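Note: the block below is coords.cif and it holds mmCIF, C-alpha atoms.
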data_my_file
#
loop_
_atom_site.group_PDB
_atom_site.id
_atom_site.type_symbol
_atom_site.label_atom_id
_atom_site.label_comp_id
_atom_site.auth_asym_id
_atom_site.auth_seq_id
_atom_site.Cartn_x
_atom_site.Cartn_y
_atom_site.Cartn_z
ATOM 1 C CA MET A 1 50.813 -109.158 -18.032
ATOM 2 C CA PRO A 2 49.722 -106.751 -20.814
ATOM 3 C CA ARG A 3 51.833 -103.680 -21.386
ATOM 4 C CA ILE A 4 50.330 -100.418 -20.087
ATOM 5 C CA ASN A 5 50.257 -97.932 -22.967
ATOM 6 C CA PHE A 6 48.252 -94.990 -21.610
ATOM 7 C CA ASP A 7 50.064 -91.742 -20.873
ATOM 8 C CA LEU A 8 50.118 -89.030 -18.250
ATOM 9 C CA GLN A 9 47.814 -86.694 -20.190
ATOM 10 C CA GLN A 10 45.098 -89.341 -20.330
ATOM 11 C CA LEU A 11 45.292 -89.881 -16.560
ATOM 12 C CA GLN A 12 45.157 -86.123 -15.947
ATOM 13 C CA ALA A 13 42.146 -85.845 -18.234
ATOM 14 C CA PHE A 14 40.308 -88.642 -16.424
ATOM 15 C CA VAL A 15 40.980 -87.178 -12.954
ATOM 16 C CA ALA A 16 39.987 -83.664 -14.087
ATOM 17 C CA VAL A 17 36.632 -84.868 -15.455
ATOM 18 C CA ALA A 18 35.986 -86.860 -12.268
ATOM 19 C CA ASP A 19 36.818 -83.845 -10.076
ATOM 20 C CA ARG A 20 34.655 -81.410 -12.027
ATOM 21 C CA SER A 21 31.869 -83.904 -12.860
ATOM 22 C CA GLY A 22 31.859 -82.709 -16.433
ATOM 23 C CA PHE A 23 33.933 -82.296 -19.575
ATOM 24 C CA ARG A 24 33.460 -78.584 -20.195
ATOM 25 C CA ALA A 25 34.718 -77.394 -16.796
ATOM 26 C CA ALA A 26 37.560 -79.935 -16.835
ATOM 27 C CA ALA A 27 38.568 -78.815 -20.343
ATOM 28 C CA GLU A 28 38.779 -75.217 -19.131
ATOM 29 C CA ASP A 29 41.009 -76.284 -16.225
ATOM 30 C CA LEU A 30 43.364 -78.122 -18.600
ATOM 31 C CA HIS A 31 43.190 -75.436 -21.312
ATOM 32 C CA LEU A 32 41.821 -77.930 -23.846
ATOM 33 C CA SER A 33 38.763 -78.051 -26.040
ATOM 34 C CA PRO A 34 36.010 -80.370 -24.759
ATOM 35 C CA ALA A 35 36.475 -82.494 -27.894
ATOM 36 C CA ALA A 36 40.208 -82.946 -27.277
ATOM 37 C CA LEU A 37 39.568 -83.826 -23.648
ATOM 38 C CA SER A 38 36.883 -86.317 -24.651
ATOM 39 C CA ARG A 39 39.286 -88.008 -27.069
ATOM 40 C CA ARG A 40 41.838 -88.507 -24.286
ATOM 41 C CA VAL A 41 39.251 -90.093 -22.000
ATOM 42 C CA ASP A 42 37.910 -92.245 -24.857
ATOM 43 C CA ARG A 43 41.424 -93.482 -25.603
ATOM 44 C CA LEU A 44 42.012 -94.330 -21.932
ATOM 45 C CA GLU A 45 38.763 -96.288 -21.791
ATOM 46 C CA GLN A 46 39.754 -98.191 -24.935
ATOM 47 C CA LEU A 47 43.135 -99.083 -23.465
ATOM 48 C CA LEU A 48 41.574 -100.227 -20.194
ATOM 49 C CA GLY A 49 38.772 -102.061 -21.929
ATOM 50 C CA ALA A 50 36.149 -100.558 -19.612
ATOM 51 C CA ARG A 51 33.859 -97.563 -19.365
ATOM 52 C CA LEU A 52 34.960 -95.039 -16.745
ATOM 53 C CA PHE A 53 32.039 -92.610 -17.051
ATOM 54 C CA GLU A 54 28.306 -92.797 -17.607
ATOM 55 C CA ARG A 55 27.539 -89.809 -19.834
ATOM 56 C CA THR A 56 24.143 -88.264 -20.422
ATOM 57 C CA THR A 57 23.082 -84.904 -21.814
ATOM 58 C CA ARG A 58 22.699 -83.647 -18.259
ATOM 59 C CA ASP A 59 25.575 -85.056 -16.260
ATOM 60 C CA VAL A 60 28.688 -87.211 -16.155
ATOM 61 C CA ARG A 61 29.058 -89.850 -13.472
ATOM 62 C CA LEU A 62 31.766 -92.359 -12.651
ATOM 63 C CA THR A 63 30.982 -96.001 -13.264
ATOM 64 C CA ARG A 64 31.847 -98.534 -10.595
ATOM 65 C CA VAL A 65 35.047 -99.286 -12.483
ATOM 66 C CA GLY A 66 35.749 -95.557 -12.718
ATOM 67 C CA GLU A 67 35.319 -95.095 -8.964
ATOM 68 C CA SER A 68 37.793 -97.893 -8.312
ATOM 69 C CA PHE A 69 40.294 -96.599 -10.858
ATOM 70 C CA LEU A 70 40.129 -92.981 -9.628
ATOM 71 C CA SER A 71 42.017 -93.585 -6.367
ATOM 72 C CA ARG A 72 44.733 -95.481 -8.223
ATOM 73 C CA ALA A 73 45.021 -92.755 -10.848
ATOM 74 C CA ARG A 74 45.376 -90.102 -8.154
ATOM 75 C CA LEU A 75 48.070 -92.128 -6.409
ATOM 76 C CA ALA A 76 49.976 -92.582 -9.684
ATOM 77 C CA LEU A 77 49.871 -88.836 -10.378
ATOM 78 C CA ASP A 78 50.925 -88.038 -6.807
ATOM 79 C CA ASP A 79 53.840 -90.483 -7.038
ATOM 80 C CA LEU A 80 54.973 -88.973 -10.324
ATOM 81 C CA GLU A 81 54.746 -85.457 -8.936
ATOM 82 C CA ALA A 82 56.711 -86.520 -5.869
ATOM 83 C CA ALA A 83 59.382 -88.088 -8.079
ATOM 84 C CA VAL A 84 59.730 -84.901 -10.126
ATOM 85 C CA LEU A 85 59.865 -82.767 -6.993
ATOM 86 C CA GLY A 86 62.431 -85.170 -5.553
ATOM 87 C CA VAL A 87 64.742 -84.447 -8.473
ATOM 88 C CA HIS A 88 64.489 -80.743 -7.711
ATOM 89 C CA GLU A 89 65.088 -81.462 -4.048
ATOM 90 C CA ILE A 90 68.286 -83.349 -4.801
ATOM 91 C CA ALA A 91 69.433 -80.519 -7.032
ATOM 92 C CA ALA A 92 68.524 -77.644 -4.737
ATOM 93 C CA ARG A 93 67.996 -79.171 -1.262
ATOM 94 C CA HIS A 94 65.725 -76.262 -0.386
ATOM 95 C CA ALA A 95 62.676 -76.969 -2.536
ATOM 96 C CA GLY A 96 60.391 -79.901 -3.116
ATOM 97 C CA ARG A 97 57.626 -81.585 -1.161
ATOM 98 C CA ILE A 98 57.460 -83.417 2.137
ATOM 99 C CA SER A 99 54.611 -85.715 3.213
ATOM 100 C CA ILE A 100 53.875 -86.030 6.920
ATOM 101 C CA ALA A 101 51.373 -88.427 8.487
ATOM 102 C CA CYS A 102 50.189 -87.671 12.013
ATOM 103 C CA VAL A 103 47.485 -88.496 14.492
ATOM 104 C CA PRO A 104 44.693 -85.884 14.757
ATOM 105 C CA THR A 105 45.729 -84.588 18.197
ATOM 106 C CA VAL A 106 49.164 -83.673 16.839
ATOM 107 C CA ALA A 107 47.636 -82.282 13.645
ATOM 108 C CA THR A 108 45.558 -79.763 15.572
ATOM 109 C CA ALA A 109 47.692 -79.076 18.674
ATOM 110 C CA ARG A 110 51.210 -78.955 17.238
ATOM 111 C CA MET A 111 51.391 -79.095 13.449
ATOM 112 C CA PRO A 112 50.206 -75.544 12.634
ATOM 113 C CA GLN A 113 53.094 -74.043 14.629
ATOM 114 C CA LEU A 114 55.604 -76.660 13.457
ATOM 115 C CA ILE A 115 54.742 -76.192 9.795
ATOM 116 C CA GLU A 116 54.730 -72.400 10.144
ATOM 117 C CA GLY A 117 58.248 -72.431 11.631
ATOM 118 C CA PHE A 118 59.513 -74.876 9.011
ATOM 119 C CA SER A 119 57.993 -72.807 6.213
ATOM 120 C CA ARG A 120 59.769 -69.675 7.434
ATOM 121 C CA ARG A 121 63.100 -71.464 6.963
ATOM 122 C CA LEU A 122 62.206 -73.200 3.682
ATOM 123 C CA PRO A 123 59.383 -71.244 2.037
ATOM 124 C CA GLN A 124 59.690 -73.098 -1.280
ATOM 125 C CA VAL A 125 58.906 -76.488 0.260
ATOM 126 C CA ARG A 126 55.386 -77.820 -0.239
ATOM 127 C CA VAL A 127 53.914 -79.758 2.694
ATOM 128 C CA ARG A 128 51.363 -82.555 2.479
ATOM 129 C CA LEU A 129 49.757 -83.351 5.835
ATOM 130 C CA MET A 130 47.850 -86.612 6.267
ATOM 131 C CA ASP A 131 45.976 -86.917 9.562
ATOM 132 C CA GLY A 132 44.586 -90.268 10.569
ATOM 133 C CA GLY A 133 44.557 -92.960 13.217
ATOM 134 C CA MET A 134 47.773 -94.488 14.529
ATOM 135 C CA ASP A 135 47.435 -97.545 12.275
ATOM 136 C CA GLU A 136 46.991 -95.284 9.248
ATOM 137 C CA VAL A 137 50.036 -93.209 10.202
ATOM 138 C CA ALA A 138 52.194 -96.325 10.565
ATOM 139 C CA ALA A 139 50.936 -97.718 7.237
ATOM 140 C CA ALA A 140 51.676 -94.436 5.431
ATOM 141 C CA VAL A 141 55.288 -94.467 6.641
ATOM 142 C CA ARG A 142 55.676 -98.194 5.985
ATOM 143 C CA THR A 143 54.490 -97.933 2.369
ATOM 144 C CA GLY A 144 56.437 -94.763 1.645
ATOM 145 C CA GLU A 145 53.335 -92.622 1.166
ATOM 146 C CA ALA A 146 54.627 -90.421 4.010
ATOM 147 C CA ASP A 147 58.241 -89.353 4.523
ATOM 148 C CA LEU A 148 57.739 -89.509 8.270
ATOM 149 C CA GLY A 149 54.992 -89.927 10.816
ATOM 150 C CA LEU A 150 54.060 -88.373 14.141
ATOM 151 C CA GLY A 151 52.199 -90.497 16.623
ATOM 152 C CA PHE A 152 52.513 -92.443 19.830
ATOM 153 C CA SER A 153 54.431 -95.543 20.839
ATOM 154 C CA GLY A 154 52.803 -98.942 20.847
ATOM 155 C CA VAL A 155 53.156 -99.896 17.189
ATOM 156 C CA THR A 156 55.217 -103.081 17.218
ATOM 157 C CA ASP A 157 56.453 -103.019 13.647
ATOM 158 C CA PRO A 158 60.079 -103.957 12.897
ATOM 159 C CA ALA A 159 59.842 -101.936 9.676
ATOM 160 C CA LEU A 160 59.537 -98.684 11.650
ATOM 161 C CA ASN A 161 61.747 -96.673 13.982
ATOM 162 C CA PHE A 162 60.184 -94.629 16.781
ATOM 163 C CA GLU A 163 61.960 -91.577 18.213
ATOM 164 C CA PRO A 164 60.251 -90.343 21.413
ATOM 165 C CA LEU A 165 59.771 -86.583 21.789
ATOM 166 C CA LEU A 166 57.568 -86.153 24.863
ATOM 167 C CA GLU A 167 55.163 -87.840 27.240
ATOM 168 C CA GLU A 168 51.603 -86.712 27.857
ATOM 169 C CA ARG A 169 49.013 -87.764 30.378
ATOM 170 C CA TYR A 170 45.502 -88.946 29.697
ATOM 171 C CA VAL A 171 42.917 -86.674 31.279
ATOM 172 C CA LEU A 172 39.223 -86.972 31.961
ATOM 173 C CA ALA A 173 37.168 -84.712 29.707
ATOM 174 C CA VAL A 174 34.184 -83.210 31.513
ATOM 175 C CA ARG A 175 31.961 -80.185 30.988
ATOM 176 C CA ARG A 176 33.031 -77.104 32.938
ATOM 177 C CA ASP A 177 29.618 -77.003 34.583
ATOM 178 C CA HIS A 178 30.021 -80.565 35.914
ATOM 179 C CA PRO A 179 29.638 -80.657 39.736
ATOM 180 C CA LEU A 180 33.120 -82.202 40.090
ATOM 181 C CA ALA A 181 34.894 -80.044 37.507
ATOM 182 C CA ARG A 182 36.422 -77.834 40.219
ATOM 183 C CA LYS A 183 37.371 -80.703 42.503
ATOM 184 C CA ARG A 184 41.016 -80.797 43.588
ATOM 185 C CA SER A 185 42.787 -84.159 43.169
ATOM 186 C CA PRO A 186 39.836 -85.948 41.574
ATOM 187 C CA SER A 187 39.833 -89.745 41.362
ATOM 188 C CA LEU A 188 38.241 -92.327 39.119
ATOM 189 C CA ALA A 189 35.992 -93.477 41.959
ATOM 190 C CA MET A 190 34.315 -90.057 42.035
ATOM 191 C CA PHE A 191 33.096 -90.610 38.460
ATOM 192 C CA ALA A 192 32.145 -94.282 38.792
ATOM 193 C CA GLY A 193 28.452 -93.462 38.475
ATOM 194 C CA GLU A 194 28.860 -91.320 35.357
ATOM 195 C CA ARG A 195 27.869 -92.283 31.844
ATOM 196 C CA TRP A 196 31.160 -92.967 30.085
ATOM 197 C CA VAL A 197 32.069 -92.363 26.461
ATOM 198 C CA ALA A 198 35.007 -94.169 24.843
ATOM 199 C CA VAL A 199 36.742 -94.510 21.513
ATOM 200 C CA ALA A 200 36.207 -97.821 19.711
ATOM 201 C CA ARG A 201 38.352 -100.875 20.382
ATOM 202 C CA THR A 202 39.948 -100.500 16.960
ATOM 203 C CA SER A 203 41.429 -97.141 18.000
ATOM 204 C CA GLY A 204 45.111 -96.973 18.928
ATOM 205 C CA ASN A 205 44.180 -94.837 21.940
ATOM 206 C CA ARG A 206 41.695 -97.454 23.136
ATOM 207 C CA ARG A 207 44.268 -100.224 22.815
ATOM 208 C CA LEU A 208 46.772 -98.168 24.799
ATOM 209 C CA ILE A 209 44.234 -97.424 27.528
ATOM 210 C CA ASP A 210 43.132 -101.063 27.818
ATOM 211 C CA ALA A 211 46.732 -102.319 27.919
ATOM 212 C CA GLY A 212 48.051 -99.604 30.230
ATOM 213 C CA LEU A 213 45.469 -99.739 32.999
ATOM 214 C CA GLY A 214 44.919 -102.503 35.482
ATOM 215 C CA ALA A 215 41.499 -103.909 36.202
ATOM 216 C CA ASP A 216 41.057 -101.585 39.213
ATOM 217 C CA GLN A 217 42.156 -98.520 37.201
ATOM 218 C CA ARG A 218 39.941 -98.918 34.165
ATOM 219 C CA PRO A 219 36.883 -96.708 33.763
ATOM 220 C CA PRO A 220 33.411 -98.281 33.843
ATOM 221 C CA PRO A 221 32.124 -99.805 30.583
ATOM 222 C CA ALA A 222 31.142 -97.139 28.091
ATOM 223 C CA TRP A 223 27.540 -96.755 27.050
ATOM 224 C CA LEU A 224 28.614 -94.851 23.931
ATOM 225 C CA GLU A 225 31.541 -95.652 21.625
ATOM 226 C CA VAL A 226 32.860 -93.371 18.874
ATOM 227 C CA GLY A 227 35.559 -93.671 16.246
ATOM 228 C CA HIS A 228 37.813 -90.734 17.111
ATOM 229 C CA VAL A 229 38.817 -88.561 20.048
ATOM 230 C CA SER A 230 37.317 -85.478 18.374
ATOM 231 C CA ALA A 231 33.924 -87.211 18.313
ATOM 232 C CA LEU A 232 34.330 -88.230 21.957
ATOM 233 C CA LEU A 233 34.906 -84.588 22.924
ATOM 234 C CA ALA A 234 31.829 -83.551 20.950
ATOM 235 C CA MET A 235 29.739 -86.090 22.870
ATOM 236 C CA VAL A 236 31.060 -84.869 26.223
ATOM 237 C CA GLU A 237 30.395 -81.269 25.189
ATOM 238 C CA ALA A 238 26.809 -82.265 24.354
ATOM 239 C CA GLY A 239 26.401 -83.559 27.910
ATOM 240 C CA LEU A 240 26.342 -87.246 27.011
ATOM 241 C CA GLY A 241 28.991 -88.336 29.503
ATOM 242 C CA VAL A 242 32.684 -88.166 30.383
ATOM 243 C CA GLY A 243 35.713 -89.867 28.822
ATOM 244 C CA LEU A 244 39.501 -90.252 28.842
ATOM 245 C CA VAL A 245 41.398 -88.328 26.175
ATOM 246 C CA PRO A 246 45.061 -87.450 25.538
ATOM 247 C CA GLU A 247 46.125 -84.148 27.076
ATOM 248 C CA LEU A 248 46.958 -82.597 23.706
ATOM 249 C CA ALA A 249 43.419 -83.186 22.469
ATOM 250 C CA LEU A 250 41.822 -80.747 24.917
ATOM 251 C CA HIS A 251 42.869 -77.104 24.917
ATOM 252 C CA PRO A 252 43.216 -75.732 28.477
ATOM 253 C CA ARG A 253 41.114 -72.692 27.552
ATOM 254 C CA HIS A 254 38.283 -74.639 25.971
ATOM 255 C CA THR A 255 35.138 -72.668 26.709
ATOM 256 C CA THR A 256 32.943 -75.694 27.489
ATOM 257 C CA LEU A 257 35.222 -78.601 28.408
ATOM 258 C CA LYS A 258 37.856 -79.174 31.064
ATOM 259 C CA GLY A 259 40.559 -81.829 31.392
ATOM 260 C CA LEU A 260 41.099 -83.411 34.812
ATOM 261 C CA ARG A 261 44.056 -85.546 35.787
ATOM 262 C CA LEU A 262 42.765 -88.444 37.835
ATOM 263 C CA ALA A 263 45.101 -89.268 40.721
ATOM 264 C CA ASP A 264 44.489 -93.008 40.375
ATOM 265 C CA VAL A 265 44.795 -93.116 36.565
ATOM 266 C CA PRO A 266 48.452 -92.210 35.877
ATOM 267 C CA LEU A 267 48.284 -93.340 32.257
ATOM 268 C CA LYS A 268 50.665 -91.660 29.805
ATOM 269 C CA ARG A 269 51.575 -92.059 26.160
ATOM 270 C CA ARG A 270 54.888 -91.297 24.490
ATOM 271 C CA MET A 271 54.644 -89.089 21.427
ATOM 272 C CA GLY A 272 57.329 -89.189 18.765
ATOM 273 C CA ALA A 273 58.454 -89.495 15.163
ATOM 274 C CA LEU A 274 58.126 -92.589 12.988
ATOM 275 C CA THR A 275 60.557 -93.291 10.158
ATOM 276 C CA LEU A 276 61.283 -96.289 7.989
ATOM 277 C CA ALA A 277 63.795 -98.642 9.596
ATOM 278 C CA GLY A 278 66.966 -99.286 7.637
ATOM 279 C CA ALA A 279 66.365 -96.338 5.301
ATOM 280 C CA THR A 280 67.827 -92.858 5.259
ATOM 281 C CA PRO A 281 65.123 -90.175 5.289
ATOM 282 C CA SER A 282 65.091 -87.770 2.357
ATOM 283 C CA PRO A 283 67.043 -84.516 2.819
ATOM 284 C CA LEU A 284 63.812 -82.607 3.409
ATOM 285 C CA ALA A 285 62.582 -85.186 5.919
ATOM 286 C CA GLN A 286 65.887 -84.867 7.775
ATOM 287 C CA ARG A 287 65.479 -81.091 7.834
ATOM 288 C CA PHE A 288 61.943 -81.407 9.209
ATOM 289 C CA LEU A 289 63.059 -83.909 11.846
ATOM 290 C CA ALA A 290 65.794 -81.511 12.979
ATOM 291 C CA HIS A 291 63.234 -78.715 13.157
ATOM 292 C CA LEU A 292 60.865 -81.026 15.027
ATOM 293 C CA ARG A 293 63.444 -81.895 17.695
ATOM 294 C CA SER A 294 64.287 -78.255 18.380
ATOM 295 C CA ALA A 295 60.809 -76.731 18.108
ATOM 296 C CA TRP A 296 58.553 -79.423 19.604
ATOM 297 C CA ARG A 297 59.153 -78.469 23.237
ATOM 298 C CA GLU A 298 59.045 -74.740 22.534
ATOM 299 C CA ILE A 299 55.399 -74.947 21.454
ATOM 300 C CA PRO A 300 53.093 -74.360 24.440
ATOM 301 C CA GLN A 301 51.618 -77.690 25.489
ATOM 302 C CA ALA A 302 48.015 -78.018 26.517
ATOM 303 C CA ALA A 303 47.991 -78.190 30.313
ATOM 304 C CA PRO A 304 44.550 -79.209 31.554
ATOM 305 C CA ALA A 305 46.055 -80.326 34.863
ATOM 306 C CA ALA A 306 47.211 -76.818 35.756
ATOM 307 C CA ASP A 307 43.837 -75.475 34.715
ATOM 308 C CA ALA A 308 42.070 -78.012 36.891
ATOM 309 C CA ALA A 309 44.256 -77.337 39.899
ATOM 310 C CA SER A 310 43.668 -73.610 39.669
ATOM 311 C CA GLY A 311 39.919 -74.210 39.968
#

How would this structure read if it were set down as structure tokens?
Amino acid sequence: MPRINFDLQQLQAFVAVADRSGFRAAAEDLHLSPAALSRRVDRLEQLLGARLFERTTRDVRLTRVGESFLSRARLALDDLEAAVLGVHEIAARHAGRISIACVPTVATARMPQLIEGFSRRLPQVRVRLMDGGMDEVAAAVRTGEADLGLGFSGVTDPALNFEPLLEERYVLAVRRDHPLARKRSPSLAMFAGERWVAVARTSGNRRLIDAGLGADQRPPPAWLEVGHVSALLAMVEAGLGVGLVPELALHPRHTTLKGLRLADVPLKRRMGALTLAGATPSPLAQRFLAHLRSAWREIPQAAPAADAASG
């Protein structure tokens, strides 16, 4: 394998030009002359043996090789920055950076308050939040890209530990003007004739729903499938149907939508923290986990069921 001889400044130059789509603006960001910046990129291209940019008098565009290399260059710079910040963390224990991966429902319903409380205690700590599907969260923790993850149980991976924090019900998302939105103790049978919307089979939520409900408890086949819960809610809000969503995903005071607990669909999911098995979390990750355990239940939880019952 050939030795890699390019340096950090060349990687920074390449990423800056890609971000700003031009040498002049990137040079200003890096406090360099355009000529000096161009020399760094030229040297990197020589070392790689490939062109990274297509340059014309009007614009600068990434080549196919450049597009592929950009994500790897970003990751290398992020890893280096994390390593440097880790040294400071070990020295000071109150500064540095923590990376947290979480599913979108947690990112919107809980993380703003959790991060705000954590930041009050450790204002010098930088937080990187990565929201994605359950498989993406698990992969980020497994590969070390995230210090810890927040998601739901169901990932059978011996490389990960799961610490449960709470249980939440699945509720039926309907428009507030739906004829059955004010019904007390609604059941699945009441909505059997509705047009149903569902998340795709590749979704962790869909897998949990399919595995957790018996044949007589499952909703009718969906006419419309989407990739994420947020898209499902948008479709319901547009009047395209109804669908099951986690309780945290639907705010009880949503102006258009309402969450109904179906008496014959008692499906729940356990939410919790994911960490790497057999490894000790970083000092900052341990601090965030401690904060998470104490603050999680203090944050008001979305309660569509109470809202439904009051109607």

Counting all atoms listed in the file, the residue of A:Val17, A:Met271, A:Leu262, A:Ala279 that sits nearest Pro219 of chain A: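 The closest residue to Pro219 of chain A is A:Leu262.
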
Val236 of chain A surroundings by all atoms listed in the file, 12 Å radius, close-in-sequence under 6 positions cut, as a ChimeraX atom specification: /A:172-178,194-198,224-226,229-230,242-245,250,256-259

Selection above as a file: C-alpha atoms, as a PDB file, in the coordinates of the input:
ATOM      1  CA  LEU A 172      39.223 -86.972  31.961  1.00  0.00           C
ATOM      2  CA  ALA A 173      37.168 -84.712  29.707  1.00  0.00           C
ATOM      3  CA  VAL A 174      34.184 -83.210  31.513  1.00  0.00           C
ATOM      4  CA  ARG A 175      31.961 -80.185  30.988  1.00  0.00           C
ATOM      5  CA  ARG A 176      33.031 -77.104  32.938  1.00  0.00           C
ATOM      6  CA  ASP A 177      29.618 -77.003  34.583  1.00  0.00           C
ATOM      7  CA  HIS A 178      30.021 -80.565  35.914  1.00  0.00           C
ATOM      8  CA  GLU A 194      28.860 -91.320  35.357  1.00  0.00           C
ATOM      9  CA  ARG A 195      27.869 -92.283  31.844  1.00  0.00           C
ATOM     10  CA  TRP A 196      31.160 -92.967  30.085  1.00  0.00           C
ATOM     11  CA  VAL A 197      32.069 -92.363  26.461  1.00  0.00           C
ATOM     12  CA  ALA A 198      35.007 -94.169  24.843  1.00  0.00           C
ATOM     13  CA  LEU A 224      28.614 -94.851  23.931  1.00  0.00           C
ATOM     14  CA  GLU A 225      31.541 -95.652  21.625  1.00  0.00           C
ATOM     15  CA  VAL A 226      32.860 -93.371  18.874  1.00  0.00           C
ATOM     16  CA  VAL A 229      38.817 -88.561  20.048  1.00  0.00           C
ATOM     17  CA  SER A 230      37.317 -85.478  18.374  1.00  0.00           C
ATOM     18  CA  VAL A 242      32.684 -88.166  30.383  1.00  0.00           C
ATOM     19  CA  GLY A 243      35.713 -89.867  28.822  1.00  0.00           C
ATOM     20  CA  LEU A 244      39.501 -90.252  28.842  1.00  0.00           C
ATOM     21  CA  VAL A 245      41.398 -88.328  26.175  1.00  0.00           C
ATOM     22  CA  LEU A 250      41.822 -80.747  24.917  1.00  0.00           C
ATOM     23  CA  THR A 256      32.943 -75.694  27.489  1.00  0.00           C
ATOM     24  CA  LEU A 257      35.222 -78.601  28.408  1.00  0.00           C
ATOM     25  CA  LYS A 258      37.856 -79.174  31.064  1.00  0.00           C
ATOM     26  CA  GLY A 259      40.559 -81.829  31.392  1.00  0.00           C
TER      27      GLY A 259
END

Surrounding residues of Pro104 of chain A excluding itself and chain neighbours under 6 positions, 12 Å, all atoms listed in the file, as a ChimeraX atom specification: /A:110-112,129-134,136-137,149-152,204-205,228-231,246,248-250

Distance of atom CA of Leu70 of chain A from atom CA of Arg55 of chain A, expressed in Å to one decimal place: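 Computing it gives 16.5 Å between the two atoms.
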
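Nearest-residue note for Arg201 of chain A: choosing from A:Pro221, A:Ala109, A:Ala189, A:Ala215, the minimum distance belongs to A:Pro221, counting all atoms listed in the file.
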
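Note on the selection: in this file the PyMOL selection byres ((chain A and resi 127) around 10) comes out as Gly96, Arg97, Ile98, Ser99, Ile100, Ile115, Phe118, Ser119, Gln124, Val125, Arg126, Arg128, Leu129 and Met130 of chain A.
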
Selection: 12 Å around Pro266 of chain A, only C-alpha atoms, excl. self and same-chain fewer than 2 positions, as a PDB file with C-alpha atoms, in the frame of the given file:
ATOM      1  CA  GLU A 167      55.163 -87.840  27.240  1.00  0.00           C
ATOM      2  CA  GLU A 168      51.603 -86.712  27.857  1.00  0.00           C
ATOM      3  CA  ARG A 169      49.013 -87.764  30.378  1.00  0.00           C
ATOM      4  CA  TYR A 170      45.502 -88.946  29.697  1.00  0.00           C
ATOM      5  CA  VAL A 171      42.917 -86.674  31.279  1.00  0.00           C
ATOM      6  CA  LEU A 172      39.223 -86.972  31.961  1.00  0.00           C
ATOM      7  CA  SER A 187      39.833 -89.745  41.362  1.00  0.00           C
ATOM      8  CA  LEU A 188      38.241 -92.327  39.119  1.00  0.00           C
ATOM      9  CA  ILE A 209      44.234 -97.424  27.528  1.00  0.00           C
ATOM     10  CA  GLY A 212      48.051 -99.604  30.230  1.00  0.00           C
ATOM     11  CA  LEU A 213      45.469 -99.739  32.999  1.00  0.00           C
ATOM     12  CA  GLY A 214      44.919-102.503  35.482  1.00  0.00           C
ATOM     13  CA  GLN A 217      42.156 -98.520  37.201  1.00  0.00           C
ATOM     14  CA  ARG A 218      39.941 -98.918  34.165  1.00  0.00           C
ATOM     15  CA  LEU A 244      39.501 -90.252  28.842  1.00  0.00           C
ATOM     16  CA  PRO A 246      45.061 -87.450  25.538  1.00  0.00           C
ATOM     17  CA  LEU A 260      41.099 -83.411  34.812  1.00  0.00           C
ATOM     18  CA  ARG A 261      44.056 -85.546  35.787  1.00  0.00           C
ATOM     19  CA  LEU A 262      42.765 -88.444  37.835  1.00  0.00           C
ATOM     20  CA  ALA A 263      45.101 -89.268  40.721  1.00  0.00           C
ATOM     21  CA  ASP A 264      44.489 -93.008  40.375  1.00  0.00           C
ATOM     22  CA  LYS A 268      50.665 -91.660  29.805  1.00  0.00           C
ATOM     23  CA  ARG A 269      51.575 -92.059  26.160  1.00  0.00           C
TER      24      ARG A 269
END
